[in-house]
file work.cif (mmCIF, C-alpha atoms)
data_final
#
loop_
_atom_site.group_PDB
_atom_site.id
_atom_site.type_symbol
_atom_site.label_atom_id
_atom_site.label_comp_id
_atom_site.auth_asym_id
_atom_site.auth_seq_id
_atom_site.Cartn_x
_atom_site.Cartn_y
_atom_site.Cartn_z
ATOM 1 C CA GLN A 1 -6.683 50.708 -130.171
ATOM 2 C CA VAL A 2 -5.273 52.797 -127.331
ATOM 3 C CA GLN A 3 -3.272 55.894 -128.120
ATOM 4 C CA LEU A 4 -1.345 58.234 -125.848
ATOM 5 C CA VAL A 5 -0.734 61.734 -127.160
ATOM 6 C CA GLU A 6 1.772 63.912 -125.346
ATOM 7 C CA SER A 7 2.137 67.646 -125.608
ATOM 8 C CA GLY A 8 3.787 70.565 -123.846
ATOM 9 C CA GLY A 9 7.469 69.936 -124.440
ATOM 10 C CA GLY A 10 9.838 72.591 -125.697
ATOM 11 C CA LEU A 11 12.870 74.737 -125.011
ATOM 12 C CA VAL A 12 13.130 76.628 -121.742
ATOM 13 C CA GLN A 13 15.871 78.374 -119.797
ATOM 14 C CA THR A 14 17.232 77.155 -116.488
ATOM 15 C CA GLY A 15 14.750 77.945 -113.748
ATOM 16 C CA GLY A 16 11.812 77.980 -116.109
ATOM 17 C CA SER A 17 8.654 75.876 -116.128
ATOM 18 C CA LEU A 18 6.821 73.586 -118.494
ATOM 19 C CA ARG A 19 3.639 71.568 -118.222
ATOM 20 C CA LEU A 20 3.385 68.267 -120.050
ATOM 21 C CA SER A 21 0.061 66.631 -120.875
ATOM 22 C CA CYS A 22 -0.724 63.099 -121.966
ATOM 23 C CA ALA A 23 -4.201 62.187 -123.155
ATOM 24 C CA ALA A 24 -5.200 58.568 -123.569
ATOM 25 C CA SER A 25 -7.883 57.558 -126.048
ATOM 26 C CA GLY A 26 -9.425 54.256 -127.016
ATOM 27 C CA ARG A 27 -10.928 51.416 -125.063
ATOM 28 C CA ILE A 28 -9.169 51.310 -121.726
ATOM 29 C CA PHE A 29 -10.290 49.156 -118.845
ATOM 30 C CA GLY A 30 -9.075 49.535 -115.320
ATOM 31 C CA VAL A 31 -6.352 52.157 -115.459
ATOM 32 C CA ASN A 32 -4.005 51.451 -112.582
ATOM 33 C CA THR A 33 -1.083 53.773 -113.142
ATOM 34 C CA MET A 34 -0.180 56.710 -115.310
ATOM 35 C CA ALA A 35 3.403 57.845 -115.289
ATOM 36 C CA TRP A 36 6.091 59.931 -116.898
ATOM 37 C CA TYR A 37 9.495 58.571 -117.845
ATOM 38 C CA ARG A 38 12.407 60.303 -119.509
ATOM 39 C CA GLN A 39 15.406 59.291 -121.544
ATOM 40 C CA ALA A 40 18.430 61.472 -122.072
ATOM 41 C CA PRO A 41 20.947 60.775 -124.874
ATOM 42 C CA GLY A 42 23.134 57.816 -124.005
ATOM 43 C CA LYS A 43 21.163 56.992 -120.871
ATOM 44 C CA GLN A 44 18.505 54.484 -119.915
ATOM 45 C CA ARG A 45 14.876 55.448 -119.642
ATOM 46 C CA GLU A 46 14.044 56.355 -116.053
ATOM 47 C CA LEU A 47 10.897 56.923 -114.050
ATOM 48 C CA VAL A 48 10.186 60.572 -113.311
ATOM 49 C CA ALA A 49 6.825 60.393 -111.558
ATOM 50 C CA ALA A 50 3.814 58.125 -111.317
ATOM 51 C CA VAL A 51 0.270 58.397 -110.048
ATOM 52 C CA HIS A 52 -1.451 55.213 -108.966
ATOM 53 C CA SER A 53 -5.118 54.455 -108.506
ATOM 54 C CA VAL A 54 -4.626 53.213 -104.977
ATOM 55 C CA VAL A 55 -1.292 54.144 -103.466
ATOM 56 C CA GLY A 56 -0.934 57.745 -104.581
ATOM 57 C CA THR A 57 2.125 59.251 -106.211
ATOM 58 C CA ASN A 58 5.853 58.683 -106.276
ATOM 59 C CA TYR A 59 8.734 60.707 -107.696
ATOM 60 C CA ALA A 60 12.346 60.280 -108.630
ATOM 61 C CA ASP A 61 14.575 61.864 -105.995
ATOM 62 C CA SER A 62 16.022 64.203 -108.604
ATOM 63 C CA VAL A 63 12.662 65.895 -109.238
ATOM 64 C CA LYS A 64 11.074 65.903 -105.780
ATOM 65 C CA GLY A 65 9.940 69.369 -104.808
ATOM 66 C CA ARG A 66 10.153 70.615 -108.400
ATOM 67 C CA PHE A 67 7.787 68.401 -110.392
ATOM 68 C CA THR A 68 4.152 67.585 -109.696
ATOM 69 C CA ILE A 69 2.162 64.828 -111.354
ATOM 70 C CA SER A 70 -1.612 64.940 -111.498
ATOM 71 C CA ARG A 71 -4.334 62.984 -113.193
ATOM 72 C CA ASP A 72 -7.816 63.618 -114.536
ATOM 73 C CA ASN A 73 -9.511 60.234 -114.406
ATOM 74 C CA ALA A 74 -12.560 61.375 -116.328
ATOM 75 C CA LYS A 75 -10.364 62.390 -119.251
ATOM 76 C CA ASN A 76 -7.726 59.657 -118.889
ATOM 77 C CA THR A 77 -5.182 62.445 -118.905
ATOM 78 C CA VAL A 78 -2.042 62.859 -116.861
ATOM 79 C CA TYR A 79 -0.077 66.060 -116.374
ATOM 80 C CA LEU A 80 3.447 66.839 -115.274
ATOM 81 C CA GLN A 81 4.084 70.333 -113.961
ATOM 82 C CA MET A 82 7.822 70.960 -114.073
ATOM 83 C CA ASN A 83 9.218 73.949 -112.197
ATOM 84 C CA ASN A 84 12.737 75.184 -111.580
ATOM 85 C CA LEU A 85 13.996 73.203 -114.553
ATOM 86 C CA LYS A 86 17.671 72.354 -114.798
ATOM 87 C CA PRO A 87 19.866 71.404 -117.779
ATOM 88 C CA GLU A 88 20.021 67.837 -116.456
ATOM 89 C CA ASP A 89 16.247 67.604 -116.973
ATOM 90 C CA THR A 90 16.848 67.699 -120.726
ATOM 91 C CA ALA A 91 15.442 64.505 -122.217
ATOM 92 C CA VAL A 92 12.639 62.988 -124.219
ATOM 93 C CA TYR A 93 9.702 62.547 -121.864
ATOM 94 C CA TYR A 94 7.390 59.574 -122.354
ATOM 95 C CA CYS A 95 3.949 58.943 -120.967
ATOM 96 C CA LYS A 96 3.039 55.450 -119.803
ATOM 97 C CA LEU A 97 -0.349 53.972 -118.976
ATOM 98 C CA ALA A 98 -0.708 50.651 -117.208
ATOM 99 C CA SER A 99 -4.136 49.078 -117.210
ATOM 100 C CA MET A 100 -5.281 45.769 -115.782
ATOM 101 C CA SER A 101 -4.189 43.962 -118.922
ATOM 102 C CA SER A 102 -1.743 46.090 -120.903
ATOM 103 C CA ILE A 103 0.937 48.753 -120.890
ATOM 104 C CA TYR A 104 0.927 51.619 -123.369
ATOM 105 C CA TRP A 105 3.535 54.236 -124.217
ATOM 106 C CA GLY A 106 3.323 57.613 -125.888
ATOM 107 C CA GLN A 107 5.617 58.731 -128.678
ATOM 108 C CA GLY A 108 7.602 61.104 -126.476
ATOM 109 C CA THR A 109 8.024 64.848 -126.273
ATOM 110 C CA GLN A 110 11.354 66.671 -126.169
ATOM 111 C CA VAL A 111 12.208 68.890 -123.222
ATOM 112 C CA THR A 112 15.359 70.968 -123.546
ATOM 113 C CA VAL A 113 16.639 73.169 -120.741
ATOM 114 C CA SER A 114 19.315 75.663 -121.709
ATOM 115 C CA SER A 115 21.908 76.905 -119.233
#
call {"tool": "encode", "arguments": {"input": "work.cif", "output": "C-alpha cells"}}
result
Amino acid sequence: QVQLVESGGGLVQTGGSLRLSCAASGRIFGVNTMAWYRQAPGKQRELVAAVHSVVGTNYADSVKGRFTISRDNAKNTVYLQMNNLKPEDTAVYYCKLASMSSIYWGQGTQVTVSS
C-alpha cells in the first residue's frame, strides 16, 4: 500500500518562508509526476507546482518566482520551498503522486499566513 506523508506546514507571517515535504512509501512503479495542490476554504483544489519525470516543472502563475518544487527520486520525496508568503497562500496543501498505474494523495498539511 502506498502512503504519502506530508510535513512542514504551520503558521507564518506575511513575507515568511516554509518548506513542505512529502515522502512516499510502499511499492511504487514508474513515478511520473509529483505535485503539490492546495485548497482554501470555499474554493476548489488547485495545482500549485508539479515536477515531471520528463518535461520538468510547472507552476501556478500566482506562485511563480516565490515557490520552488524539487524532488529526490531516490527517496520518492518531493519538496516545496515557499518564500515571500502571502495571506492568499493560506490553504491546506496536498501532495500528489502519479505513477504509471495509479494516483495517490497525501492527507494534507495546513499552511496559514497571517497579515
call {"tool": "resolve_selection", "arguments": {"input": "work.cif", "expression": "the PyMOL selection byres ((chain A and resi 58) around 12)", "output": "list in words"}}
result
Thr33, Met34, Ala35, Trp36, Leu47, Val48, Ala49, Ala50, Val51, His52, Ser53, Val54, Val55, Gly56, Thr57, Tyr59, Ala60, Asp61, Ser62, Val63, Lys64, Gly65, Phe67, Thr68, Ile69 and Ser70 of chain A
call {"tool": "residues_around", "arguments": {"input": "work.cif", "residues": "Ile103 in chain A", "least_positions_apart": "6", "cutoff": "12 Å", "atoms": "only C-alpha atoms", "output": "JSON list (two decimals) with C-alpha atoms, in the frame of the given file"}}
result
[["chain", "number", "residue", "atom", "x", "y", "z"],
["A", 2, "VAL", "CA", -5.27, 52.80, -127.33],
["A", 3, "GLN", "CA", -3.27, 55.89, -128.12],
["A", 4, "LEU", "CA", -1.34, 58.23, -125.85],
["A", 24, "ALA", "CA", -5.20, 58.57, -123.57],
["A", 28, "ILE", "CA", -9.17, 51.31, -121.73],
["A", 29, "PHE", "CA", -10.29, 49.16, -118.84],
["A", 30, "GLY", "CA", -9.07, 49.54, -115.32],
["A", 31, "VAL", "CA", -6.35, 52.16, -115.46],
["A", 32, "ASN", "CA", -4.00, 51.45, -112.58],
["A", 33, "THR", "CA", -1.08, 53.77, -113.14],
["A", 34, "MET", "CA", -0.18, 56.71, -115.31],
["A", 35, "ALA", "CA", 3.40, 57.84, -115.29],
["A", 95, "CYS", "CA", 3.95, 58.94, -120.97],
["A", 96, "LYS", "CA", 3.04, 55.45, -119.80],
["A", 97, "LEU", "CA", -0.35, 53.97, -118.98]]
call {"tool": "closest_residue", "arguments": {"input": "work.cif", "among": "A:Ser101, A:Thr112, A:Gln1, A:Ser7", "to": "Ala23 in chain A", "atoms": "only C-alpha atoms"}}
result
A:Ser7
call {"tool": "atom_distance", "arguments": {"input": "work.cif", "atom1": "CA of Gly42 in chain A", "atom2": "CA of Tyr93 in chain A"}}
result
14.4 Å
call {"tool": "axis_aligned_box", "arguments": {"input": "work.cif", "around": "range 106-115 of chain A", "padding_each_side": "6 Å", "output": "AutoDock Vina command-line options"}}
result
--center_x 12.6 --center_y 67.3 --center_z -124.0 --size_x 30.6 --size_y 31.3 --size_z 21.4
call {"tool": "atom_distance", "arguments": {"input": "work.cif", "atom1": "CA of Arg27 in chain A", "atom2": "CA of Thr77 in chain A"}}
result
13.9 Å
call {"tool": "closest_residue", "arguments": {"input": "work.cif", "among": "A:Ala40, A:Met100, A:Leu20, A:Val113", "to": "Gln81 in chain A", "atoms": "all atoms listed in the file"}}
result
A:Leu20
call {"tool": "resolve_selection", "arguments": {"input": "work.cif", "expression": "the PyMOL selection byres ((chain A and resi 85) around 12)", "output": "VMD selection string"}}
result
chain A and resid 10 to 19 62 to 67 81 to 84 86 to 91 111 to 115
call {"tool": "atom_distance", "arguments": {"input": "work.cif", "atom1": "CA of Tyr79 in chain A", "atom2": "CA of Tyr104 in chain A"}}
result
16.1 Å
call {"tool": "closest_residue", "arguments": {"input": "work.cif", "among": "A:Gln107, A:Val5, A:Val92, A:Glu46", "to": "Gly26 in chain A", "atoms": "all atoms listed in the file"}}
result
A:Val5
call {"tool": "closest_residue", "arguments": {"input": "work.cif", "among": "A:Ser21, A:Gln110, A:Gly9, A:Asp72", "to": "Pro41 in chain A", "atoms": "only C-alpha atoms"}}
result
A:Gln110
call {"tool": "decode", "arguments": {"input": "work.cif", "residues": "range 40-51 of chain A", "atoms": "N, CA and C atoms", "output": "compact mmCIF listing (two decimals), in the first residue's frame"}}
result
# COMPACT_ATOMS: atom_id res chain seq x y z
N ALA A 40 -8.14 26.19 -0.46
CA ALA A 40 -8.55 27.18 0.54
C ALA A 40 -10.03 26.99 0.85
N PRO A 41 -10.49 27.46 2.01
CA PRO A 41 -11.90 27.30 2.38
C PRO A 41 -12.82 27.89 1.33
N GLY A 42 -13.79 27.10 0.91
CA GLY A 42 -14.77 27.56 -0.06
C GLY A 42 -14.29 27.59 -1.50
N LYS A 43 -13.08 27.09 -1.73
CA LYS A 43 -12.52 27.11 -3.09
C LYS A 43 -12.18 25.70 -3.55
N GLN A 44 -12.02 25.56 -4.87
CA GLN A 44 -11.64 24.27 -5.42
C GLN A 44 -10.15 24.02 -5.22
N ARG A 45 -9.80 22.76 -5.20
CA ARG A 45 -8.39 22.40 -5.11
C ARG A 45 -7.70 22.83 -6.40
N GLU A 46 -6.51 23.42 -6.26
CA GLU A 46 -5.79 23.92 -7.43
C GLU A 46 -4.34 23.45 -7.41
N LEU A 47 -3.79 23.30 -8.60
CA LEU A 47 -2.39 22.93 -8.73
C LEU A 47 -1.51 24.10 -8.32
N VAL A 48 -0.52 23.81 -7.50
CA VAL A 48 0.47 24.81 -7.11
C VAL A 48 1.74 24.62 -7.94
N ALA A 49 2.28 23.42 -7.94
CA ALA A 49 3.50 23.14 -8.67
C ALA A 49 3.62 21.64 -8.90
N ALA A 50 4.29 21.27 -9.98
CA ALA A 50 4.48 19.87 -10.29
C ALA A 50 5.87 19.66 -10.88
N VAL A 51 6.42 18.49 -10.60
CA VAL A 51 7.70 18.11 -11.20
C VAL A 51 7.49 16.77 -11.90
